[in-house]
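Heads up, entry03.txt below (compact mmCIF, C-alpha atoms):
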```txt
# COMPACT_ATOMS: atom_id res chain seq x y z
CA MET A 1 -49.34 57.30 -50.49
CA HIS A 2 -45.87 58.11 -49.19
CA ASP A 3 -42.24 57.74 -50.10
CA PRO A 4 -40.41 56.07 -47.17
CA SER A 5 -37.30 58.23 -47.60
CA GLY A 6 -39.45 61.38 -47.62
CA LEU A 7 -41.23 60.18 -44.51
CA GLU A 8 -37.93 59.74 -42.68
CA GLU A 9 -36.77 63.24 -43.65
CA ALA A 10 -40.12 64.71 -42.57
CA ARG A 11 -39.85 62.87 -39.24
CA LYS A 12 -36.47 64.52 -38.68
CA VAL A 13 -38.06 67.93 -39.27
CA LEU A 14 -40.82 67.11 -36.77
CA ALA A 15 -38.26 65.92 -34.22
CA GLU A 16 -36.51 69.30 -34.46
CA GLN A 17 -39.66 71.08 -33.24
CA PRO A 18 -39.41 71.32 -29.42
CA PHE A 19 -43.17 71.78 -28.98
CA SER A 20 -43.92 68.70 -31.09
CA ALA A 21 -41.49 66.70 -28.97
CA LEU A 22 -43.17 67.98 -25.80
CA LEU A 23 -46.55 66.77 -27.07
CA GLY A 24 -45.15 63.45 -28.28
CA ALA A 25 -46.35 63.98 -31.86
CA ARG A 26 -45.37 61.49 -34.54
CA LEU A 27 -45.63 61.66 -38.30
CA VAL A 28 -47.08 58.38 -39.58
CA ALA A 29 -47.61 59.24 -43.26
CA PHE A 30 -46.08 61.81 -45.59
CA GLY A 31 -46.06 62.22 -49.35
CA GLY A 32 -48.09 62.90 -52.44
CA GLY A 33 -49.75 65.99 -50.98
CA GLU A 34 -50.83 64.24 -47.77
CA ALA A 35 -49.58 63.96 -44.22
CA THR A 36 -50.85 62.26 -41.08
CA LEU A 37 -49.79 63.28 -37.60
CA GLU A 38 -50.71 61.35 -34.44
CA LEU A 39 -50.33 61.81 -30.74
CA ASP A 40 -51.38 59.79 -27.75
CA ILE A 41 -54.08 61.44 -25.67
CA ARG A 42 -52.92 61.80 -22.08
CA GLU A 43 -54.17 63.70 -19.04
CA GLU A 44 -51.87 66.70 -19.59
CA LEU A 45 -53.54 67.38 -22.95
CA ARG A 46 -57.08 67.61 -21.58
CA GLN A 47 -59.11 70.62 -20.49
CA GLN A 48 -61.24 70.88 -17.36
CA TYR A 49 -64.09 68.72 -18.74
CA GLY A 50 -61.78 65.86 -19.68
CA PHE A 51 -61.75 66.50 -23.43
CA VAL A 52 -58.62 67.14 -25.50
CA HIS A 53 -57.85 70.86 -25.31
CA GLY A 54 -58.71 72.85 -28.42
CA GLY A 55 -55.15 74.15 -28.56
CA VAL A 56 -53.88 70.60 -29.00
CA LEU A 57 -56.34 70.04 -31.85
CA SER A 58 -55.23 73.31 -33.44
CA TYR A 59 -51.57 72.37 -33.09
CA ALA A 60 -52.19 69.02 -34.80
CA ALA A 61 -54.18 70.62 -37.63
CA ASP A 62 -51.59 73.37 -38.18
CA ASN A 63 -48.68 70.95 -38.37
CA ALA A 64 -50.49 68.38 -40.52
CA LEU A 65 -51.62 71.10 -42.96
CA THR A 66 -48.08 72.40 -43.30
CA PHE A 67 -46.52 68.94 -43.71
CA ALA A 68 -49.09 68.07 -46.39
CA ALA A 69 -48.21 71.26 -48.27
CA GLY A 70 -44.51 70.56 -47.88
CA SER A 71 -44.96 67.09 -49.34
CA ALA A 72 -46.34 68.72 -52.49
CA VAL A 73 -44.13 71.80 -52.97
CA GLY A 74 -41.01 71.27 -50.86
CA THR A 75 -39.77 72.20 -47.42
CA GLY A 76 -39.91 75.98 -47.78
CA VAL A 77 -43.42 76.46 -46.38
CA ILE A 78 -45.04 78.23 -43.45
CA THR A 79 -48.63 78.58 -42.32
CA ALA A 80 -50.31 81.78 -43.54
CA GLY A 81 -53.56 81.04 -41.72
CA PHE A 82 -56.11 78.38 -40.96
CA THR A 83 -59.58 77.91 -39.56
CA ILE A 84 -60.80 75.05 -37.45
CA ASP A 85 -64.30 73.88 -36.66
CA TYR A 86 -64.77 71.73 -33.58
CA LEU A 87 -67.51 69.22 -34.32
CA ARG A 88 -67.62 67.26 -31.06
CA PRO A 89 -65.50 66.87 -27.94
CA ALA A 90 -62.27 64.97 -28.60
CA GLN A 91 -61.77 61.98 -26.37
CA GLY A 92 -60.15 58.59 -26.79
CA ALA A 93 -56.67 57.11 -26.89
CA VAL A 94 -55.12 58.65 -30.04
CA LEU A 95 -55.61 61.94 -31.88
CA ARG A 96 -55.00 61.75 -35.64
CA ALA A 97 -54.73 64.73 -38.00
CA HIS A 98 -54.87 63.76 -41.66
CA ALA A 99 -54.26 66.63 -44.09
CA ARG A 100 -54.29 66.74 -47.87
CA VAL A 101 -53.60 69.37 -50.48
CA VAL A 102 -56.68 70.83 -52.16
CA ARG A 103 -54.70 73.03 -54.54
CA ALA A 104 -50.99 73.75 -54.81
CA GLY A 105 -50.11 77.05 -56.43
CA ARG A 106 -46.78 78.78 -56.97
CA THR A 107 -46.97 80.91 -53.81
CA ARG A 108 -49.84 79.40 -51.79
CA VAL A 109 -51.09 75.91 -51.02
CA VAL A 110 -54.63 75.28 -49.76
CA CYS A 111 -55.07 72.19 -47.59
CA ARG A 112 -57.83 70.47 -45.63
CA CYS A 113 -57.42 68.45 -42.43
CA ASP A 114 -59.70 65.98 -40.68
CA LEU A 115 -59.04 65.40 -36.99
CA THR A 116 -60.23 62.12 -35.55
CA THR A 117 -59.83 60.31 -32.28
CA THR A 118 -59.49 56.58 -31.90
CA GLY A 119 -60.96 54.99 -28.81
CA GLU A 120 -59.55 52.06 -26.85
CA ASP A 121 -61.95 49.82 -28.82
CA GLY A 122 -60.64 51.11 -32.19
CA THR A 123 -63.67 53.30 -32.94
CA GLU A 124 -62.76 56.42 -34.93
CA THR A 125 -64.66 59.64 -34.36
CA LEU A 126 -64.38 62.81 -36.44
CA CYS A 127 -64.02 65.66 -33.94
CA ALA A 128 -62.81 68.64 -35.99
CA VAL A 129 -62.05 69.84 -39.51
CA ALA A 130 -59.60 72.54 -40.56
CA GLN A 131 -58.66 74.35 -43.73
CA GLY A 132 -55.45 76.27 -44.16
CA THR A 133 -53.42 78.37 -46.52
CA ILE A 134 -49.72 77.64 -46.54
CA SER A 135 -47.22 80.16 -47.96
CA VAL A 136 -44.43 78.88 -50.17
CA THR A 137 -41.26 80.64 -49.00
CA GLY A 138 -38.83 78.73 -51.20
CA GLY A 139 -36.35 78.33 -48.35
CA PRO A 140 -36.00 76.04 -45.34
```

How does this structure look as structure tokens?
Amino acid sequence: MHDPSGLEEARKVLAEQPFSALLGARLVAFGGGEATLELDIREELRQQYGFVHGGVLSYAADNALTFAAGSAVGTGVITAGFTIDYLRPAQGAVLRAHARVVRAGRTRVVCRCDLTTTGEDGTETLCAVAQGTISVTGGP
């Protein structure tokens, strides 16, 4: 699913994003029109009811969508817009955002992202889905 050298380059791009570093995000897969981003769920990422804050889920979807698009058309991409549907409260140990290209055009790439949590016992739960349009800028 991914080219190891491409994954390392993509990880460097992620590391250059101060907000991603603050959240502790890591890119675990990249290539072939797909990308998977993970982050450990910790207290600072929760809202008042103990669930992962919707903004954290949106961040993960946005970045995974854009990385998936970049794996298909190159690094000159930026999010044009996306929607997210929260299916159930996100709770567990790890948040995973797995995005894949639906269609890559010359100027726009449409991607879909599934957001799951993994519990301490290894159980995965789908908590949100997102779809985004990524603009191809042609530059870095």

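Considering only C-alpha atoms, the residue among A:Glu43, A:Gln48, A:Phe67, A:Gln17 positioned nearest to A:Gly31 is A:Phe67.
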
Per residue of stretch 93-128 of chain A within 8 Å of stretch 85-88 of chain A, note the shortest atom pair and the distance in Å to one decimal, counting all atoms listed in the file, and order the rows by chain and increasing residue number, as a tab-separated table.
```
residue	atom	partner	partner_atom	distance
A:Leu126	CA	A:Leu87	CA	7.4
A:Cys127	CA	A:Arg88	CA	4.9
A:Ala128	CA	A:Tyr86	CA	4.4
```

Q.
Nearest residue to A:Gly119 out of A:Ile41, A:Gln131, A:Gly81, A:Thr137, using all atoms listed in the file?
A. A:Ile41

(Q) Please list as a VMD selection string every residue within 12 Å of stretch 8-14 of chain A, counting all atoms listed in the file and excluding residues in the same chain fewer than 6 positions away. (A) chain A and resid 2 20 to 31 34 to 38 60 63 to 64 66 to 71 74 to 76 140

Q: Enter the distance from atom CA of A:Ala61 to atom CA of A:Thr116, in Å, rounded to one decimal.
A: 10.6 Å

Q.
Between atom CA of A:Pro89 and atom CA of A:Asp62, what is the distance in Å, rounded to a tenth?
A.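 Between atom CA of A:Pro89 and atom CA of A:Asp62 the gap is 18.5 Å.
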
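Each of A:Leu115, A:Ala104, A:Ala93, A:Val109 was compared to A:Ala80 using all atoms listed in the file, and A:Val109 turns out to be the nearest.
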
**Q.** Nearest candidate to A:Glu120 (options A:Ala99, A:Ile134, A:Ala72, A:Val94; using all atoms listed in the file)
**A.**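 Answer, going by the shortest atom-to-atom distance: A:Val94.
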
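For the pair atom CA of A:Gly92 and atom CA of A:Thr117, the separation is 5.8 Å.
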
Taking all listed atoms of stretch 123-127 of chain A, build the axis-aligned box, pad each of the six sides by 8 Å, then write its centre and edge lengths in Å to one decimal as JSON.
```
{"center_x": -63.7, "center_y": 59.5, "center_z": -34.7, "size_x": 17.9, "size_y": 28.4, "size_z": 19.5}
```

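Using all atoms listed in the file, the nearest neighbour of A:Arg96 within the list A:Asp121, A:Val56, A:Gly32, A:Gly138 is A:Val56.
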
Q) Out of A:Val102, A:Leu7, A:Leu65, A:Val77, which residue has the shortest atom-to-atom distance to A:Gly132 when counting all atoms listed in the file? A) A:Leu65
